[in-house]
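Engineer: My file is input.cif. It has mmCIF, C-alpha atoms and all ligand atoms:
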```cif
data_target
loop_
_atom_site.label_atom_id
_atom_site.label_comp_id
_atom_site.auth_asym_id
_atom_site.auth_seq_id
_atom_site.Cartn_x
_atom_site.Cartn_y
_atom_site.Cartn_z
CA MET A 3 103.60 86.07 101.26
CA PRO A 4 100.54 84.17 101.53
CA HIS A 5 99.46 84.01 97.97
CA GLY A 6 96.28 82.32 98.49
CA ARG A 7 94.82 80.66 101.39
CA CYS A 8 94.15 78.20 98.72
CA GLN A 9 97.15 76.39 97.57
CA ASN A 10 98.62 75.05 100.74
CA SER A 11 97.74 72.78 103.56
CA PRO A 12 98.46 74.08 107.03
CA ASP A 13 99.48 71.85 109.82
CA ALA A 14 98.60 72.41 113.44
CA GLU A 15 101.40 74.98 113.69
CA GLY A 16 99.98 77.13 111.00
CA ILE A 17 102.78 76.32 108.57
CA LEU A 18 101.62 75.94 105.02
CA SER A 19 102.85 73.12 102.84
CA PRO A 20 102.51 73.19 99.07
CA PRO A 21 100.12 70.73 97.52
CA GLY A 22 101.57 67.31 96.86
CA ARG A 23 104.65 68.01 98.89
CA ALA A 24 105.32 67.09 102.48
CA ALA A 25 106.52 69.77 104.86
CA ARG A 26 110.05 69.57 106.14
CA PRO A 27 110.60 68.35 109.67
CA ARG A 28 110.31 71.17 112.17
CA ARG A 29 109.92 71.89 115.81
CA ARG A 30 106.78 70.40 117.22
CA ILE A 31 104.68 72.89 119.11
CA ALA A 32 101.28 71.84 120.27
CA PRO A 33 98.52 74.24 119.29
CA ALA A 34 96.81 76.08 122.10
CA ALA A 35 93.86 74.30 123.57
CA GLY A 36 90.72 75.20 121.73
CA ALA A 37 92.64 76.94 118.99
CA ARG A 38 90.61 77.23 115.83
CA VAL A 39 92.44 75.95 112.77
CA ASP A 40 90.75 77.77 109.96
CA LEU A 41 93.51 77.86 107.43
CA PRO A 42 93.20 76.69 103.86
CA ASP A 43 92.89 73.19 102.58
CA ALA A 44 94.35 71.94 99.35
CA THR A 45 91.28 70.83 97.49
CA PRO A 46 90.74 72.04 93.94
CA LEU A 47 87.62 73.80 95.15
CA ALA A 48 89.63 75.72 97.69
CA ARG A 49 92.03 76.81 94.98
CA GLU A 50 89.21 78.56 93.19
CA LYS A 51 87.23 79.71 96.16
CA HIS A 52 89.81 81.80 98.02
CA VAL A 53 91.14 85.10 96.84
CA PRO A 54 94.88 85.66 96.50
CA PHE A 55 96.60 86.75 99.67
CA THR A 56 99.15 89.00 98.02
CA PRO A 57 97.27 92.19 99.05
CA PHE A 58 97.84 91.33 102.71
CA HIS A 59 101.49 92.20 102.20
CA MET A 60 100.38 95.81 101.89
CA GLY A 61 99.60 96.05 105.61
CA PRO A 62 103.18 96.57 106.81
CA GLY A 63 103.76 98.82 103.81
CA ILE A 64 100.91 101.14 104.77
CA LEU A 65 102.33 101.44 108.26
CA ALA A 66 105.79 102.10 106.82
CA LYS A 67 104.30 104.83 104.66
CA ALA A 68 102.82 106.49 107.73
CA CYS A 69 106.19 106.38 109.47
CA LEU A 70 108.55 107.23 106.61
CA ARG A 71 106.24 109.40 104.52
CA GLY A 72 108.25 111.05 101.76
CA TRP A 73 111.07 108.54 102.07
CA PHE A 74 108.84 105.62 101.16
CA SER A 75 106.76 104.98 98.05
CA LEU A 76 103.70 102.88 98.78
CA ILE A 77 102.98 102.53 95.08
CA VAL A 78 106.39 101.02 94.39
CA PHE A 79 106.04 98.82 97.48
CA GLY A 80 102.74 97.48 96.11
CA TRP A 81 104.22 97.00 92.65
CA ALA A 82 107.01 94.97 94.22
CA GLN A 83 104.44 92.65 95.81
CA ILE A 84 102.93 91.97 92.40
CA VAL A 85 106.33 91.36 90.84
CA MET A 86 107.24 88.96 93.64
CA ASP A 87 104.13 86.87 93.23
CA ILE A 88 104.21 86.41 89.49
CA GLU A 89 106.15 83.19 89.89
CA PRO A 90 103.72 81.61 92.41
CA LEU A 91 100.80 82.69 90.27
CA LEU A 92 102.24 80.99 87.22
CA ALA A 93 103.05 77.94 89.33
CA MET A 94 99.48 77.79 90.59
CA LEU A 95 98.06 78.10 87.10
CA GLY A 96 100.37 75.32 85.98
CA ARG A 97 99.54 73.23 89.03
CA ALA A 98 103.23 73.05 89.80
CA GLU A 99 104.30 71.25 92.93
CA ARG A 100 106.41 74.10 94.25
CA LEU A 101 105.02 77.63 94.44
CA HIS A 102 107.75 79.56 96.22
CA GLY A 103 110.82 79.19 94.08
CA PHE A 104 113.81 81.37 93.40
CA THR A 105 111.88 84.65 93.40
CA HIS A 106 111.16 84.05 97.08
CA THR A 107 114.81 84.25 98.08
CA PHE A 108 116.64 87.30 99.36
CA ALA A 109 119.06 87.00 96.45
CA CYS A 110 116.36 87.26 93.84
CA ALA A 111 114.45 89.80 95.93
CA THR A 112 117.45 92.09 95.58
CA LEU A 113 117.28 91.84 91.80
CA LEU A 114 113.53 92.29 91.77
CA ALA A 115 113.81 95.39 93.97
CA VAL A 116 116.27 96.91 91.51
CA PHE A 117 113.76 96.10 88.77
CA SER A 118 110.70 97.29 90.70
CA ALA A 119 111.99 100.73 91.68
CA PRO A 120 112.32 102.27 88.19
CA THR A 121 109.43 100.33 86.64
CA GLY A 122 107.08 101.11 89.52
CA ARG A 123 108.06 104.77 89.44
CA CYS A 124 107.49 104.87 85.69
CA LEU A 125 104.15 103.04 85.84
CA ALA A 126 102.93 105.37 88.58
CA GLY A 127 103.61 108.37 86.36
CA ILE A 128 101.87 106.76 83.38
CA GLY A 129 98.90 105.81 85.53
CA ALA A 130 98.62 109.33 86.93
CA ARG A 131 98.62 110.80 83.44
CA ILE A 132 96.01 108.34 82.19
CA LEU A 133 93.78 108.99 85.20
CA GLY A 134 94.32 112.73 84.97
CA PHE A 135 95.82 113.28 88.41
CA ALA A 136 97.09 116.79 87.77
CA GLY A 137 98.55 117.13 91.25
CA PHE A 138 100.55 113.90 91.11
CA ARG A 139 104.16 114.44 92.08
CA PRO A 140 106.75 112.11 90.54
CA ILE A 141 108.06 109.53 92.97
CA GLY A 142 111.56 110.42 94.10
CA TRP A 143 114.31 107.88 93.51
CA PRO A 144 115.10 107.40 97.22
CA ALA A 145 111.43 106.74 97.98
CA ALA A 146 111.19 104.37 95.03
CA PHE A 147 114.17 102.29 96.12
CA VAL A 148 113.20 102.26 99.79
CA GLY A 149 109.71 101.08 98.82
CA ALA A 150 111.06 98.48 96.43
CA PHE A 151 113.59 96.95 98.80
CA ALA A 152 111.23 97.06 101.76
CA GLY A 153 108.62 95.41 99.57
CA THR A 154 110.65 92.52 98.26
CA TYR A 155 112.59 91.78 101.45
CA SER A 156 109.52 91.90 103.69
CA HIS A 157 107.73 89.67 101.21
CA VAL A 158 110.41 87.01 101.37
CA ALA A 159 110.63 87.17 105.16
CA LEU A 160 106.89 86.88 105.75
CA ASP A 161 106.42 84.08 103.26
CA ALA A 162 109.41 82.19 104.61
CA MET A 163 107.82 82.13 108.07
CA ILE A 164 104.76 80.24 106.93
CA TYR A 165 105.51 78.43 103.68
CA ALA A 166 107.32 75.13 103.93
CA ASP A 167 108.55 75.24 100.34
CA ALA A 168 110.31 78.60 100.70
CA THR A 169 114.11 78.68 100.71
CA PRO A 170 114.87 82.35 101.46
CA PHE A 171 118.64 81.96 101.63
CA ALA A 172 119.08 79.96 98.43
CA PRO A 173 121.34 79.48 96.56
CA PHE A 174 123.60 79.46 99.63
CA THR A 175 121.47 77.04 101.59
CA ASP A 176 118.10 75.36 101.27
CA ALA A 177 117.55 75.63 105.00
CA ASN A 178 114.80 77.94 106.14
CA PRO A 179 115.45 79.12 109.69
CA LEU A 180 112.52 81.54 109.45
CA LEU A 181 109.96 78.78 109.04
CA GLY A 182 107.68 78.57 112.06
CA LEU A 183 108.89 81.77 113.72
CA ALA A 184 105.29 82.93 113.46
CA SER A 185 102.14 81.04 112.63
CA ALA A 186 100.22 81.76 109.46
CA ARG A 187 97.36 83.08 111.53
CA PHE A 188 99.65 85.51 113.35
CA VAL A 189 101.17 86.75 110.11
CA TYR A 190 97.76 87.24 108.51
CA ARG A 191 96.49 89.18 111.50
CA MET A 192 99.68 91.19 111.85
CA CYS A 193 99.31 92.31 108.23
CA LEU A 194 95.72 93.34 108.81
CA LEU A 195 96.53 95.16 112.03
CA THR A 196 99.51 97.07 110.66
CA GLY A 197 97.45 98.00 107.61
CA ALA A 198 94.63 99.35 109.76
CA ILE A 199 96.94 101.30 112.06
CA GLY A 200 98.91 102.64 109.11
CA ALA A 201 95.77 103.72 107.25
CA VAL A 202 94.47 105.63 110.27
CA ALA A 203 97.87 107.25 110.76
CA CYS A 204 98.13 108.21 107.08
CA VAL A 205 94.69 109.83 107.11
CA ALA A 206 95.49 111.65 110.35
CA ILE A 207 98.74 112.98 108.92
CA TRP A 208 97.04 113.98 105.69
CA LEU A 209 94.35 115.90 107.59
CA TYR A 210 96.97 117.56 109.78
CA LEU A 211 99.04 118.69 106.80
CA ALA A 212 96.10 119.76 104.63
CA GLY A 213 96.55 123.37 103.64
CA ARG A 214 100.05 123.60 105.11
CA ASP A 215 103.24 124.08 103.19
CA VAL A 216 105.06 120.78 102.92
CA PRO A 217 108.19 119.85 100.95
CA PRO A 218 107.28 118.36 97.55
CA GLY A 219 108.86 115.03 98.40
CA ALA A 220 106.68 114.62 101.48
CA ALA A 221 103.59 114.30 99.33
CA THR A 222 104.88 111.49 97.12
CA LEU A 223 102.89 108.30 96.96
ZN ZN B 301 104.76 85.47 97.88
#
```
What would you get if you wrote out this structure as structure tokens?
Structural biologist:
Amino acid sequence: MPHGRCQNSPDAEGILSPPGRAARPRRRIAPAAGARVDLPDATPLAREKHVPFTPFHMGPGILAKACLRGWFSLIVFGWAQIVMDIEPLLAMLGRAERLHGFTHTFACATLLAVFSAPTGRCLAGIGARILGFAGFRPIGWPAAFVGAFAGTYSHVALDAMIYADATPFAPFTDANPLLGLASARFVYRMCLLTGAIGAVACVAIWLYLAGRDVPPGAATL
């Protein structure tokens, strides 16, 4: 997803083009009258000034956690977001022209999900031991894989909607039919909104279940 409101230049449609690279031709849709275009520029200052956008991917994940509960690991979902954005981070540090390469394809996302599920599950256990969370329950394998696949696939889909250099269906095609389906502003706000709704729902569920007997898997993170 949006790895940084920093590295790309948006056009009037809210589609972000990588620095030094022109966006592909796309449908022309005039912005709404009076619409405020407040998306990132591509100046070096902007690269340093804005924080990475990777955490915004967590919004839909938090909502999914509220809905799926024990069948979904939010920790593994978050780990998958980090794994997905290693490539763009390295590209940014190296000032590469293209930020969203092969890792931002559904093909590679499948491989990264298979990688993220066991590693995220393992890291969560190590982290719990280091932090002394005595009540931590190991993440179940179904929850780990659901979180991992939801994480990598949603990441590719959201980024492909707003980044002009993404090719989500490579190596089969370099076309990106998802580009422009939603503006960057809409995607950003959707992530924030789903995160807020999901967080409220998670807290409400936690309060409701406090002190009740629940299956062990339902309490997994
Ligand atoms: Zn990304």
Engineer: Give me, please, the distance in Å between CA of Phe108 in chain A and CA of Lys67 in chain A, quoted to one decimal.
Structural biologist: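 Separating CA of Phe108 in chain A from CA of Lys67 in chain A is a distance of 22.1 Å.
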Engineer: I'd like the interatomic distance between CA of Ala206 in chain A and CA of Ala68 in chain A, to a tenth of an Å.
Structural biologist: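 We find that CA of Ala206 in chain A and CA of Ala68 in chain A lie 9.3 Å from each other.
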Engineer: Have a look at A:Val148, A:Thr121, A:Leu160, A:Thr56 and name the one nearest to Met192 in chain A; count all atoms listed in the file.
Structural biologist: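 Once distances to Met192 in chain A are computed over all atoms listed in the file, the minimum belongs to A:Leu160.
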Engineer: To one decimal place, how far is CA of Leu76 in chain A from CA of Leu223 in chain A in Å?
Structural biologist: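 Those two atoms sit 5.8 Å apart.
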Engineer: Between A:Leu125, A:Ala212, A:Cys69, A:Ala82, single out the one closest to ligand ZN 301 (chain B), counting only C-alpha atoms and all ligand atoms.
Structural biologist: A:Ala82
Engineer: What do you get as a count of residues only if you pick all residues at most 10 Å from ligand ZN 301 (chain B), counting only C-alpha atoms and all ligand atoms?
Structural biologist: 32
Engineer: Go through A:Gly213, A:Gly134, A:Pro173, A:Gly149 and flag the residue nearest Leu114 in chain A, using all atoms listed in the file for the distances.
Structural biologist: A:Gly149
Engineer: List the residues sitting within 12 Å of (120.7, 81.2, 101.1) in the file's frame, using all atoms listed in the file, as a compact mmCIF listing (two decimals) with C-alpha atoms, in the coordinates of the input.
Structural biologist:
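Result saved to part-v9.txt:
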```txt
# COMPACT_ATOMS: atom_id res chain seq x y z
CA PHE A 104 113.81 81.37 93.40
CA HIS A 106 111.16 84.05 97.08
CA THR A 107 114.81 84.25 98.08
CA PHE A 108 116.64 87.30 99.36
CA ALA A 109 119.06 87.00 96.45
CA CYS A 110 116.36 87.26 93.84
CA ALA A 111 114.45 89.80 95.93
CA VAL A 158 110.41 87.01 101.37
CA ALA A 162 109.41 82.19 104.61
CA ALA A 168 110.31 78.60 100.70
CA THR A 169 114.11 78.68 100.71
CA PRO A 170 114.87 82.35 101.46
CA PHE A 171 118.64 81.96 101.63
CA ALA A 172 119.08 79.96 98.43
CA PRO A 173 121.34 79.48 96.56
CA PHE A 174 123.60 79.46 99.63
CA THR A 175 121.47 77.04 101.59
CA ASP A 176 118.10 75.36 101.27
CA ALA A 177 117.55 75.63 105.00
CA ASN A 178 114.80 77.94 106.14
CA PRO A 179 115.45 79.12 109.69
CA LEU A 180 112.52 81.54 109.45
```
Engineer: Determine, counting all atoms listed in the file, which protein, DNA and RNA residues have an atom within 10 Å of an atom of Ala150 in chain A; residues of the same chain fewer than 3 positions away are not included. Present the result as a PDB file with C-alpha atoms, in the coordinates of the input.
Structural biologist:
```pdb
ATOM      1  CA  PHE A  74     108.840 105.620 101.160  1.00  0.00           C
ATOM      2  CA  SER A  75     106.760 104.980  98.050  1.00  0.00           C
ATOM      3  CA  LEU A  76     103.700 102.880  98.780  1.00  0.00           C
ATOM      4  CA  ILE A  77     102.980 102.530  95.080  1.00  0.00           C
ATOM      5  CA  VAL A  78     106.390 101.020  94.390  1.00  0.00           C
ATOM      6  CA  PHE A  79     106.040  98.820  97.480  1.00  0.00           C
ATOM      7  CA  GLY A  80     102.740  97.480  96.110  1.00  0.00           C
ATOM      8  CA  TRP A  81     104.220  97.000  92.650  1.00  0.00           C
ATOM      9  CA  ALA A  82     107.010  94.970  94.220  1.00  0.00           C
ATOM     10  CA  GLN A  83     104.440  92.650  95.810  1.00  0.00           C
ATOM     11  CA  ALA A 111     114.450  89.800  95.930  1.00  0.00           C
ATOM     12  CA  THR A 112     117.450  92.090  95.580  1.00  0.00           C
ATOM     13  CA  LEU A 114     113.530  92.290  91.770  1.00  0.00           C
ATOM     14  CA  ALA A 115     113.810  95.390  93.970  1.00  0.00           C
ATOM     15  CA  VAL A 116     116.270  96.910  91.510  1.00  0.00           C
ATOM     16  CA  PHE A 117     113.760  96.100  88.770  1.00  0.00           C
ATOM     17  CA  SER A 118     110.700  97.290  90.700  1.00  0.00           C
ATOM     18  CA  ALA A 119     111.990 100.730  91.680  1.00  0.00           C
ATOM     19  CA  PRO A 120     112.320 102.270  88.190  1.00  0.00           C
ATOM     20  CA  GLY A 122     107.080 101.110  89.520  1.00  0.00           C
ATOM     21  CA  ARG A 123     108.060 104.770  89.440  1.00  0.00           C
ATOM     22  CA  PRO A 144     115.100 107.400  97.220  1.00  0.00           C
ATOM     23  CA  ALA A 145     111.430 106.740  97.980  1.00  0.00           C
ATOM     24  CA  ALA A 146     111.190 104.370  95.030  1.00  0.00           C
ATOM     25  CA  PHE A 147     114.170 102.290  96.120  1.00  0.00           C
ATOM     26  CA  GLY A 153     108.620  95.410  99.570  1.00  0.00           C
ATOM     27  CA  THR A 154     110.650  92.520  98.260  1.00  0.00           C
ATOM     28  CA  TYR A 155     112.590  91.780 101.450  1.00  0.00           C
ATOM     29  CA  SER A 156     109.520  91.900 103.690  1.00  0.00           C
TER      30      SER A 156
END
```
Engineer: For Trp143 in chain A, which of A:Leu181, A:Cys124, A:Val205, A:Ala130 is the closest residue, counting all atoms listed in the file?
Structural biologist: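 That would be A:Cys124, the residue with the smallest distance to Trp143 in chain A.
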Engineer: List as a ChimeraX atom specification: which residues have an atom within 12 Å of (101.3, 112.6, 110.2), counting all atoms listed in the file?
Structural biologist: /A:65-72,200-212,216,220-221
Engineer: Only C-alpha atoms needed: put range 49-90 of chain A from the block into a file as a PDB file, in the first residue's frame.
Structural biologist:
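And here's decode_25.pdb as it stands now:
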```pdb
ATOM      1  CA  ARG A  49      10.684  11.976   1.123  1.00  0.00           C
ATOM      2  CA  GLU A  50      12.092  12.721   4.544  1.00  0.00           C
ATOM      3  CA  LYS A  51       9.192  14.628   5.984  1.00  0.00           C
ATOM      4  CA  HIS A  52       6.378  12.096   5.650  1.00  0.00           C
ATOM      5  CA  VAL A  53       6.101   8.937   7.659  1.00  0.00           C
ATOM      6  CA  PRO A  54       5.711   5.574   5.921  1.00  0.00           C
ATOM      7  CA  PHE A  55       2.166   4.662   5.055  1.00  0.00           C
ATOM      8  CA  THR A  56       2.528   0.941   5.616  1.00  0.00           C
ATOM      9  CA  PRO A  57       0.680   1.082   8.979  1.00  0.00           C
ATOM     10  CA  PHE A  58      -2.460   2.258   7.195  1.00  0.00           C
ATOM     11  CA  HIS A  59      -2.797  -1.249   5.795  1.00  0.00           C
ATOM     12  CA  MET A  60      -3.659  -2.357   9.307  1.00  0.00           C
ATOM     13  CA  GLY A  61      -7.069  -0.682   9.162  1.00  0.00           C
ATOM     14  CA  PRO A  62      -8.848  -3.399   7.170  1.00  0.00           C
ATOM     15  CA  GLY A  63      -6.970  -5.995   9.200  1.00  0.00           C
ATOM     16  CA  ILE A  64      -8.307  -4.653  12.485  1.00  0.00           C
ATOM     17  CA  LEU A  65     -11.827  -4.820  11.117  1.00  0.00           C
ATOM     18  CA  ALA A  66     -11.201  -8.352   9.868  1.00  0.00           C
ATOM     19  CA  LYS A  67      -9.987  -9.296  13.330  1.00  0.00           C
ATOM     20  CA  ALA A  68     -13.227  -8.024  14.840  1.00  0.00           C
ATOM     21  CA  CYS A  69     -15.247 -10.069  12.362  1.00  0.00           C
ATOM     22  CA  LEU A  70     -13.227 -13.290  12.225  1.00  0.00           C
ATOM     23  CA  ARG A  71     -11.766 -13.272  15.723  1.00  0.00           C
ATOM     24  CA  GLY A  72     -10.085 -16.606  16.381  1.00  0.00           C
ATOM     25  CA  TRP A  73      -9.841 -17.418  12.692  1.00  0.00           C
ATOM     26  CA  PHE A  74      -7.650 -14.417  11.967  1.00  0.00           C
ATOM     27  CA  SER A  75      -4.274 -13.428  13.389  1.00  0.00           C
ATOM     28  CA  LEU A  76      -3.781  -9.682  13.447  1.00  0.00           C
ATOM     29  CA  ILE A  77      -0.140 -10.115  14.392  1.00  0.00           C
ATOM     30  CA  VAL A  78       0.581 -12.229  11.334  1.00  0.00           C
ATOM     31  CA  PHE A  79      -1.435  -9.815   9.189  1.00  0.00           C
ATOM     32  CA  GLY A  80       0.758  -6.947  10.421  1.00  0.00           C
ATOM     33  CA  TRP A  81       3.925  -8.962   9.903  1.00  0.00           C
ATOM     34  CA  ALA A  82       2.836  -9.612   6.333  1.00  0.00           C
ATOM     35  CA  GLN A  83       2.549  -5.853   5.745  1.00  0.00           C
ATOM     36  CA  ILE A  84       6.146  -5.389   6.846  1.00  0.00           C
ATOM     37  CA  VAL A  85       7.346  -8.255   4.678  1.00  0.00           C
ATOM     38  CA  MET A  86       5.501  -6.824   1.682  1.00  0.00           C
ATOM     39  CA  ASP A  87       7.051  -3.400   2.013  1.00  0.00           C
ATOM     40  CA  ILE A  88      10.661  -4.418   2.413  1.00  0.00           C
ATOM     41  CA  GLU A  89      11.192  -4.135  -1.319  1.00  0.00           C
ATOM     42  CA  PRO A  90       9.757  -0.590  -1.623  1.00  0.00           C
TER      43      PRO A  90
END
```
